[in-house]
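What follows is a single structure, written as structure tokens, with notes after it.
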Amino acid sequence: MGILTWILFGLIAGAIAKMIMPGTQGGGWLITIILGILGAFVGGAIGVYVLHWGDVTSFWNPRSWILSIGGALIILWIYGMATKKS
């Protein structure tokens, strides 16, 4: 995938993850894009090394979306723990 596709993919995956995750997360659209792109990398790593499904390869592949959104949820949870006020 090209860089613009990764940015669009990251924006969509990050936005979906923010809708799924309960609570209020900070960050605007830039954090959402970064969250989604990092989630795609994390999800891809989980798909390759843990589930043996393969990598995030195509914008239209449902497996890529599942892995990316799952990875974005993991990253969002970590981000929420790191920015949580005690």
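Ligands are numbered from 1 in the order shown, residues from 1 within each chain, and chains are lettered A, B, ... in the order they appear in the structure tokens.
Residues of segment 37-74 of chain A carrying a DSSP assignment of alpha helix (DSSP H), computed from the backbone, are Ile37, Leu38, Gly39, Ala40, Phe41, Val42, Gly43, Gly44, Ala45, Pro62, Arg63, Ser64, Trp65, Ile66, Leu67, Ser68, Ile69, Gly70, Gly71, Ala72, Leu73 and Ile74 of chain A.
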Export of prior selection with C-alpha atoms as a JSON list (two decimals), in the first residue's frame:
```json
[["chain", "number", "residue", "atom", "x", "y", "z"],
["A", 37, "ILE", "CA", -1.22, 3.37, 11.49],
["A", 38, "LEU", "CA", 0.47, 2.02, 14.63],
["A", 39, "GLY", "CA", -2.52, -0.26, 15.11],
["A", 40, "ALA", "CA", -2.07, -1.61, 11.60],
["A", 41, "PHE", "CA", 1.57, -2.42, 12.38],
["A", 42, "VAL", "CA", 0.68, -4.02, 15.72],
["A", 43, "GLY", "CA", -2.23, -5.92, 14.18],
["A", 44, "GLY", "CA", -0.03, -7.04, 11.31],
["A", 45, "ALA", "CA", 2.57, -8.34, 13.74],
["A", 62, "PRO", "CA", -11.46, -7.83, 5.74],
["A", 63, "ARG", "CA", -8.64, -9.60, 7.57],
["A", 64, "SER", "CA", -6.54, -6.43, 7.25],
["A", 65, "TRP", "CA", -9.33, -4.37, 8.81],
["A", 66, "ILE", "CA", -9.81, -6.82, 11.69],
["A", 67, "LEU", "CA", -6.09, -6.88, 12.45],
["A", 68, "SER", "CA", -5.71, -3.09, 12.12],
["A", 69, "ILE", "CA", -8.69, -2.21, 14.30],
["A", 70, "GLY", "CA", -7.63, -4.81, 16.89],
["A", 71, "GLY", "CA", -4.12, -3.38, 16.92],
["A", 72, "ALA", "CA", -5.51, 0.16, 17.17],
["A", 73, "LEU", "CA", -7.60, -0.90, 20.18],
["A", 74, "ILE", "CA", -4.45, -2.22, 21.86]]
```
Any idea what's packed within 7 Å of segment 27-33 of chain A, counting only C-alpha atoms, ignoring anything in its chain fewer than 4 positions away? Could you give it as a list of chain:residue names?
->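 After dropping sequence-adjacent residues, the list is A:Ile7, A:Gly10, A:Leu11, A:Gly14, A:Ala15, A:Ile37.
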Would you mind exporting the chosen residues as a compact mmCIF listing (two decimals), in the first residue's frame, restricted to C-alpha atoms?
```
# COMPACT_ATOMS: atom_id res chain seq x y z
CA ILE A 7 -2.83 7.41 6.12
CA GLY A 10 -5.00 4.60 9.65
CA LEU A 11 -7.57 7.37 9.94
CA GLY A 14 -8.23 4.66 14.38
CA ALA A 15 -11.66 6.31 14.22
CA ILE A 37 -1.22 3.37 11.49
```
Between atom CA of Ile34 of chain A and atom CA of Met21 of chain A, what is the spacing in Å?
-> 16.2 Å
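Across the model, the gap from atom CA of Met19 of chain A to atom CA of Trp53 of chain A is 25.3 Å.
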Would you mind reading off the distance between atom CA of Val50 of chain A and atom CA of Ile75 of chain A, one decimal, in Å?
-> 17.0 Å
